[in-house]
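**Student:** This is input03.cif, which holds mmCIF, C-alpha atoms:
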```
data_input
#
loop_
_atom_site.label_atom_id
_atom_site.label_comp_id
_atom_site.auth_asym_id
_atom_site.auth_seq_id
_atom_site.Cartn_x
_atom_site.Cartn_y
_atom_site.Cartn_z
CA MET L 90 28.07 95.88 -61.95
CA GLU L 91 25.24 93.49 -62.79
CA LYS L 92 22.59 94.08 -60.11
CA LEU L 93 21.75 96.67 -57.49
CA ILE L 94 19.10 96.63 -54.77
CA ALA L 95 17.14 99.84 -54.20
CA LEU L 96 15.18 99.99 -50.94
CA VAL L 97 11.97 102.03 -51.12
CA ASP L 98 9.56 102.74 -48.27
CA GLY L 99 7.32 105.49 -49.62
CA SER L 100 9.13 108.24 -47.71
CA VAL L 101 10.40 111.47 -49.25
CA TYR L 102 13.76 109.74 -49.71
CA SER L 103 12.29 107.03 -51.94
CA GLN L 104 12.24 109.34 -54.96
CA SER L 105 15.91 110.09 -54.40
CA VAL L 106 16.65 106.36 -54.12
CA CYS L 107 14.91 105.80 -57.46
CA ASP L 108 16.71 108.66 -59.20
CA HIS L 109 20.14 107.55 -57.96
CA ALA L 110 19.38 103.95 -58.91
CA ALA L 111 18.48 105.09 -62.43
CA TRP L 112 21.71 107.11 -62.68
CA ILE L 113 23.81 104.14 -61.57
CA ALA L 114 21.99 101.76 -63.92
CA GLU L 115 22.50 104.16 -66.81
CA LYS L 116 26.25 104.26 -66.18
CA THR L 117 26.76 100.57 -65.45
CA GLY L 118 23.96 98.71 -67.22
CA ALA L 119 22.98 97.07 -63.92
CA GLN L 120 19.60 95.51 -63.27
CA ILE L 121 17.60 97.28 -60.54
CA GLU L 122 15.78 95.21 -57.95
CA LEU L 123 13.28 97.44 -56.17
CA LEU L 124 12.70 96.06 -52.69
CA HIS L 125 9.95 97.04 -50.26
CA VAL L 126 9.89 95.16 -46.98
CA LEU L 127 6.80 94.85 -44.81
CA GLY L 128 7.80 94.68 -41.17
CA ARG L 129 6.49 91.86 -39.05
CA ARG L 130 3.95 94.19 -37.42
CA GLN L 131 2.58 95.09 -40.86
CA ALA L 132 2.50 91.54 -42.14
CA GLY L 133 1.51 89.57 -39.05
CA PRO L 134 -1.17 89.48 -36.38
CA VAL L 135 -1.24 91.71 -33.32
CA GLN L 136 -0.74 89.81 -30.09
CA SER L 137 -3.57 90.83 -27.77
CA ASN L 138 -4.00 89.88 -24.14
CA LEU L 139 -7.70 89.37 -23.43
CA SER L 140 -7.28 87.80 -20.02
CA GLY L 141 -9.09 89.28 -17.07
CA ASN L 142 -12.74 89.83 -16.25
CA ILE L 143 -14.03 89.24 -19.80
CA THR L 144 -16.61 86.52 -20.20
CA LEU L 145 -15.83 83.58 -22.47
CA GLY L 146 -18.42 84.55 -25.07
CA ALA L 147 -17.31 88.16 -25.24
CA ARG L 148 -13.66 87.10 -25.39
CA THR L 149 -14.38 84.78 -28.32
CA ALA L 150 -16.22 87.52 -30.19
CA LEU L 151 -13.36 89.99 -29.62
CA LEU L 152 -10.79 87.47 -30.80
CA ASN L 153 -12.80 86.91 -33.98
CA GLU L 154 -12.97 90.65 -34.59
CA LEU L 155 -9.24 91.05 -33.99
CA THR L 156 -8.49 88.22 -36.38
CA GLU L 157 -10.58 89.88 -39.07
CA LEU L 158 -8.94 93.24 -38.42
CA ASP L 159 -5.49 91.65 -38.64
CA ALA L 160 -6.36 90.14 -42.00
CA GLN L 161 -7.67 93.49 -43.29
CA ARG L 162 -4.59 95.31 -42.01
CA ALA L 163 -2.26 92.81 -43.66
CA GLN L 164 -4.13 93.13 -46.95
CA LEU L 165 -3.94 96.93 -46.76
CA SER L 166 -0.19 96.79 -46.05
CA GLN L 167 0.24 94.56 -49.09
CA LYS L 168 -1.71 97.00 -51.29
CA ILE L 169 0.30 99.97 -50.01
CA GLY L 170 3.54 98.10 -50.59
CA ARG L 171 2.60 97.24 -54.16
CA ALA L 172 1.57 100.86 -54.80
CA ILE L 173 4.96 102.07 -53.50
CA LEU L 174 6.74 99.63 -55.81
CA ASP L 175 4.58 100.57 -58.79
CA ASP L 176 5.32 104.27 -58.28
CA ALA L 177 9.04 103.62 -57.86
CA LYS L 178 9.19 101.44 -60.99
CA ALA L 179 7.35 104.07 -63.02
CA ARG L 180 9.74 106.79 -61.83
CA ILE L 181 12.81 104.79 -62.83
CA GLU L 182 11.35 103.76 -66.17
CA GLY L 183 10.55 107.43 -66.76
CA ARG L 184 14.32 108.00 -66.80
CA GLY L 185 14.72 105.47 -69.59
CA ILE L 186 15.71 102.42 -67.51
CA THR L 187 13.73 99.27 -68.33
CA ASN L 188 15.53 96.48 -66.47
CA VAL L 189 13.61 96.94 -63.20
CA ILE L 190 12.22 94.15 -61.01
CA PRO L 191 9.89 95.06 -58.08
CA ARG L 192 9.84 92.71 -55.08
CA LEU L 193 7.56 92.84 -52.04
CA ARG L 194 8.83 90.94 -49.01
CA SER L 195 7.76 90.46 -45.39
CA GLY L 196 10.01 90.20 -42.34
CA ASP L 197 12.96 91.95 -40.79
CA ILE L 198 14.57 94.35 -43.26
CA VAL L 199 18.17 93.44 -42.36
CA GLU L 200 17.48 89.72 -42.73
CA THR L 201 15.67 90.35 -46.03
CA VAL L 202 18.53 92.44 -47.42
CA ALA L 203 21.04 89.78 -46.34
CA GLU L 204 19.08 87.17 -48.30
CA SER L 205 18.70 89.41 -51.35
CA GLU L 206 22.22 90.84 -51.58
CA THR L 207 23.96 87.54 -52.37
CA ASP L 208 24.06 88.25 -56.11
CA ALA L 209 23.93 92.05 -55.84
CA ASP L 210 26.80 94.50 -56.24
CA LEU L 211 25.36 97.51 -54.41
CA ILE L 212 22.63 98.42 -51.90
CA ILE L 213 20.90 101.80 -52.25
CA VAL L 214 19.07 103.24 -49.25
CA GLY L 215 17.83 106.68 -48.20
CA LYS L 216 19.59 108.49 -45.39
CA ARG L 217 16.33 108.61 -43.47
CA GLY L 218 13.06 106.75 -43.77
CA GLU L 219 9.38 107.28 -43.12
CA ALA L 220 10.02 109.65 -40.19
CA ALA L 221 12.40 111.84 -42.22
CA ASP L 222 10.47 115.06 -41.66
CA PHE L 223 10.38 114.50 -37.91
CA ALA L 224 13.99 113.45 -37.36
CA LYS L 225 16.13 115.69 -39.50
CA LEU L 226 19.26 115.29 -37.34
CA HIS L 227 19.07 111.52 -37.02
CA LEU L 228 19.98 108.71 -39.39
CA GLY L 229 17.32 106.19 -40.25
CA SER L 230 17.50 103.20 -37.91
CA ASN L 231 17.29 100.83 -40.87
CA LEU L 232 20.20 102.58 -42.57
CA GLU L 233 22.42 102.08 -39.52
CA ARG L 234 21.46 98.42 -39.25
CA ILE L 235 21.94 97.72 -42.95
CA ALA L 236 25.28 99.57 -43.15
CA ARG L 237 26.62 97.58 -40.20
CA SER L 238 25.46 94.19 -41.45
CA SER L 239 25.67 94.28 -45.25
CA THR L 240 28.69 92.74 -46.95
CA LYS L 241 28.18 94.86 -50.07
CA PRO L 242 28.84 98.57 -50.65
CA VAL L 243 25.97 100.73 -49.41
CA PHE L 244 24.99 103.85 -51.37
CA VAL L 245 23.27 106.33 -49.03
CA THR L 246 21.22 108.88 -50.93
CA ALA L 247 20.69 112.51 -50.01
CA ARG L 248 17.18 113.93 -49.84
CA ALA L 249 17.11 114.82 -53.52
CA PHE L 250 19.08 113.80 -56.60
CA LYS L 251 21.37 116.20 -58.39
CA PRO L 252 23.83 115.47 -61.22
CA ILE L 253 27.09 113.94 -59.96
CA LYS L 254 30.24 115.39 -61.50
CA ARG L 255 32.83 115.31 -58.69
CA PHE L 256 33.50 112.67 -56.06
CA MET L 257 35.85 112.49 -53.12
CA ILE L 258 37.41 109.46 -51.45
CA ALA L 259 37.98 109.97 -47.72
CA TYR L 260 41.06 107.79 -47.34
CA ASP L 261 42.59 106.59 -44.06
CA GLY L 262 44.77 103.76 -45.32
CA GLY L 263 42.55 101.13 -43.71
CA THR L 264 41.28 97.95 -45.32
CA SER L 265 37.84 99.29 -46.20
CA ALA L 266 39.29 102.52 -47.65
CA MET L 267 41.74 100.52 -49.76
CA LYS L 268 38.84 98.39 -50.99
CA ALA L 269 36.98 101.59 -51.93
CA VAL L 270 39.96 102.89 -53.94
CA ASP L 271 40.34 99.60 -55.80
CA HIS L 272 36.62 99.50 -56.57
CA VAL L 273 36.56 103.08 -57.85
CA ALA L 274 39.58 102.44 -60.10
CA ARG L 275 37.79 99.55 -61.82
CA SER L 276 34.13 100.59 -61.82
CA PRO L 277 32.42 102.25 -64.79
CA LEU L 278 30.21 104.05 -62.28
CA PHE L 279 32.96 106.63 -61.65
CA SER L 280 34.26 106.99 -65.19
CA GLY L 281 34.22 110.55 -66.47
CA LEU L 282 33.91 112.04 -62.97
CA GLU L 283 36.42 114.35 -61.31
CA CYS L 284 38.30 112.60 -58.50
CA SER L 285 39.61 113.99 -55.20
CA LEU L 286 41.51 111.96 -52.64
CA LEU L 287 41.71 113.28 -49.09
CA MET L 288 43.59 111.87 -46.12
CA VAL L 289 43.18 113.41 -42.67
CA GLY L 290 46.28 113.20 -40.47
CA ALA L 291 49.87 114.27 -40.10
CA GLU L 292 52.18 114.51 -43.10
CA SER L 293 54.23 111.58 -41.89
CA GLU L 294 56.29 109.45 -44.22
CA GLU L 295 53.92 106.53 -43.71
CA ASN L 296 50.79 108.56 -44.45
CA LEU L 297 52.33 110.16 -47.53
CA LYS L 298 53.29 106.72 -48.82
CA ARG L 299 49.76 105.39 -48.28
CA LEU L 300 48.26 108.38 -50.02
CA SER L 301 50.70 108.03 -52.93
CA ASN L 302 49.87 104.34 -53.37
CA ALA L 303 46.14 105.09 -53.41
CA GLN L 304 46.70 107.87 -55.94
CA ALA L 305 48.73 105.53 -58.17
CA THR L 306 45.93 102.95 -58.11
CA LEU L 307 43.40 105.56 -59.20
CA GLU L 308 45.66 106.96 -61.89
CA ALA L 309 46.10 103.43 -63.23
CA GLY L 310 42.33 103.47 -63.65
CA SER L 311 42.67 106.58 -65.88
CA PHE L 312 41.69 109.13 -63.22
CA THR L 313 43.34 112.51 -62.82
CA VAL L 314 43.54 112.73 -59.04
CA ASN L 315 43.60 115.77 -56.79
CA ALA L 316 45.27 114.24 -53.71
CA ASN L 317 45.72 116.04 -50.39
CA ILE L 318 46.58 115.33 -46.77
CA ALA L 319 45.35 117.64 -44.03
CA PRO L 320 45.60 117.71 -40.23
CA GLY L 321 42.62 118.02 -37.91
CA GLN L 322 39.48 116.22 -36.84
CA ALA L 323 38.30 113.93 -39.62
CA GLU L 324 34.63 114.95 -39.55
CA THR L 325 35.42 118.66 -39.71
CA VAL L 326 38.17 118.46 -42.33
CA ILE L 327 36.20 116.18 -44.65
CA SER L 328 32.90 118.09 -44.41
CA ASN L 329 34.70 121.40 -45.04
CA ALA L 330 36.52 119.97 -48.06
CA VAL L 331 33.27 118.59 -49.47
CA GLU L 332 31.70 122.04 -49.20
CA GLU L 333 34.67 124.01 -50.51
CA GLN L 334 35.35 121.75 -53.50
CA GLY L 335 31.73 121.32 -54.53
CA ILE L 336 31.86 117.55 -54.13
CA ASP L 337 28.74 115.67 -55.28
CA LEU L 338 29.53 112.20 -53.90
CA LEU L 339 31.62 111.01 -50.94
CA VAL L 340 33.26 107.58 -50.89
CA MET L 341 34.59 106.17 -47.64
CA GLY L 342 35.14 103.07 -45.55
CA ALA L 343 32.37 102.05 -43.16
CA TYR L 344 32.65 101.62 -39.42
CA GLY L 345 36.33 101.20 -38.78
CA HIS L 346 35.76 101.00 -35.02
CA SER L 347 34.31 97.97 -33.30
CA ARG L 348 30.52 97.70 -33.49
CA ILE L 349 30.13 98.15 -29.74
CA ARG L 350 32.30 101.25 -29.59
CA SER L 351 30.48 102.76 -32.58
CA LEU L 352 27.13 102.22 -30.95
CA ILE L 353 28.28 103.93 -27.75
CA ILE L 354 30.24 106.93 -28.98
CA GLY L 355 29.43 107.09 -32.68
CA SER L 356 31.97 106.98 -35.49
CA THR L 357 33.43 109.13 -38.23
CA THR L 358 31.29 107.20 -40.69
CA SER L 359 28.00 107.91 -38.94
CA GLU L 360 28.93 111.54 -38.40
CA MET L 361 29.88 112.06 -42.05
CA VAL L 362 26.64 110.49 -43.31
CA ARG L 363 24.74 112.67 -40.86
CA LEU L 364 26.56 115.90 -41.74
CA CYS L 365 26.89 115.61 -45.50
CA LYS L 366 24.08 116.81 -47.74
CA ILE L 367 25.41 114.66 -50.58
CA PRO L 368 25.25 110.92 -51.26
CA VAL L 369 27.81 108.69 -49.52
CA ILE L 370 29.03 105.27 -50.61
CA LEU L 371 30.19 103.07 -47.72
CA PHE L 372 32.61 100.16 -48.18
CA ARG L 373 33.20 97.40 -45.64
#
```
Starting from the file, lay out its structure as structure tokens.

**Tutor:**
Amino acid sequence: MEKLIALVDGSVYSQSVCDHAAWIAEKTGAQIELLHVLGRRQAGPVQSNLSGNITLGARTALLNELTELDAQRAQLSQKIGRAILDDAKARIEGRGITNVIPRLRSGDIVETVAESETDADLIIVGKRGEAADFAKLHLGSNLERIARSSTKPVFVTARAFKPIKRFMIAYDGGTSAMKAVDHVARSPLFSGLECSLLMVGAESEENLKRLSNAQATLEAGSFTVNANIAPGQAETVISNAVEEQGIDLLVMGAYGHSRIRSLIIGSTTSEMVRLCKIPVILFR
């Protein structure tokens, strides 16, 4: 892993993003790119409709005032953004990581991440954003958009960092889950951690074979694997196993259903990120 992108917005989750980024950089030697994105409303002018019974002179004066206010607001947003990046950089460097590059960008966050992730190996984002304290049962809208559009693994942080000793791979035999297993087997990020492999479904010959192949891949990467298959509803079985086994990090495939279906009825991925109080790494 050479580079990771850590998205910070000044919310309570930003500290967690920084702490997890530092932990990953410490284990992998990756460079951290701190990214704060100013939305178009923060960076650009407000469109105001001054038509109606306003005289020409008054309308001109109001437009001049609005233009000045827009410029002041944009400057303030820039200052706040730089302050957020400065604080985040200081927090990471306080954990002994020096290869940190802060970047302030303007525009749509998904488009900005897409442009920035070309040479990155991982995207780190908080489970919720600036409205975290007011929407405890909802995922951040930016997280959902980024997870659905990014081509790179997305590391979703919990509210606060805690040492990671055990991780679990929620395995369904699909393409994204197989990609996750292969990545884990080769990545220094997971070295030295305890590994669990869980498949939810019937103990059919096909499922047992898939689980065995995944276990063999992980064991080839020098992991001792606790592999299990269990019946039931995926969300319930996985969340219970995470709790019972004291798992610190969940690894799973992202959005196996079609995008339209996921938006309408949700998905196991969204539900697991919502339910789990631990970080989750999503693979496409």

**Student:** Could you give me, as a VMD selection string, the residues within 7 Å of Lys241 (chain L), counting only C-alpha atoms and dropping anything in the same chain fewer than 3 positions from it?

**Tutor:** chain L and resid 210 to 212

**Student:** Rounded to one decimal in Å, what is the spacing between CA of Glu115 (chain L) and CA of Ala269 (chain L)?

**Tutor:**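 So the two atoms, CA of Glu115 (chain L) and CA of Ala269 (chain L), lie 20.9 Å apart.
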
**Student:** Pick out the residues sitting within 7 Å of region 177-179 of chain L, and hand them over as a PyMOL selection string; count all atoms listed in the file, and ignore anything fewer than 3 positions along from it in its own chain.

**Tutor:** chain L and resi 107+173-174+182-183+189

**Student:** For Glu233 (chain L), which residue among L:Ile94, L:Ile336, L:Val214, L:Leu165 is the nearest when counting all atoms listed in the file?

**Tutor:** L:Val214

**Student:** Could you state which residues are captured by the PyMOL selection byres ((chain L and resi 117-129) around 8) in this file, as a PyMOL selection string?

**Tutor:** chain L and resi 90-98+110+113-116+130-133+166-167+170+173-174+177-178+188-198+201+277-278

**Student:** Within 8 Å of (38.0, 113.0, -54.3) in the file's own coordinates, which protein, DNA or RNA residues have an atom, counting only C-alpha atoms? List them as a short mmCIF file (atom, residue, chain, number, x, y, z; two decimals) with C-alpha atoms, in the frame of the given file.

**Tutor:**
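What landed in selection05.cif:
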```cif
data_model
loop_
_atom_site.label_atom_id
_atom_site.label_comp_id
_atom_site.auth_asym_id
_atom_site.auth_seq_id
_atom_site.Cartn_x
_atom_site.Cartn_y
_atom_site.Cartn_z
CA ARG L 255 32.83 115.31 -58.69
CA PHE L 256 33.50 112.67 -56.06
CA MET L 257 35.85 112.49 -53.12
CA ILE L 258 37.41 109.46 -51.45
CA ALA L 259 37.98 109.97 -47.72
CA GLU L 283 36.42 114.35 -61.31
CA CYS L 284 38.30 112.60 -58.50
CA SER L 285 39.61 113.99 -55.20
CA LEU L 286 41.51 111.96 -52.64
CA LEU L 287 41.71 113.28 -49.09
CA VAL L 314 43.54 112.73 -59.04
CA ASN L 315 43.60 115.77 -56.79
CA ALA L 316 45.27 114.24 -53.71
CA ILE L 336 31.86 117.55 -54.13
CA LEU L 339 31.62 111.01 -50.94
CA VAL L 340 33.26 107.58 -50.89
#
```

**Student:** Counting all atoms listed in the file, which residues sit no farther than 9 Å from the position (36.4, 113.5, -42.7) in the file's frame? I'd like them as a list in words.

**Tutor:**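 Those residues lying close to the given coordinates are Ala259, Tyr260, Leu287, Met288, Val289, Gln322, Ala323, Glu324, Thr325, Val326, Ile327, Ser328, Asn329, Ala330, Thr357, Thr358, Glu360 and Met361 of chain L.
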
**Student:** Using CA of Lys268 (chain L) and CA of Thr306 (chain L) as the two end points, give the distance in Å to one decimal.

**Tutor:**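 About the pair CA of Lys268 (chain L) and CA of Thr306 (chain L): they are 11.0 Å apart.
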
**Student:** What gap, in Å, lies between CA of Ile181 (chain L) and CA of Ala111 (chain L)?

**Tutor:**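 Separating CA of Ile181 (chain L) from CA of Ala111 (chain L) is a distance of 5.7 Å.
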
**Student:** Using all atoms listed in the file, which residue out of L:Leu300, L:Ala291, L:Leu371, L:Ala319 lies closest to Leu338 (chain L)?

**Tutor:**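 So, comparing all the options, the nearest one is L:Leu371.
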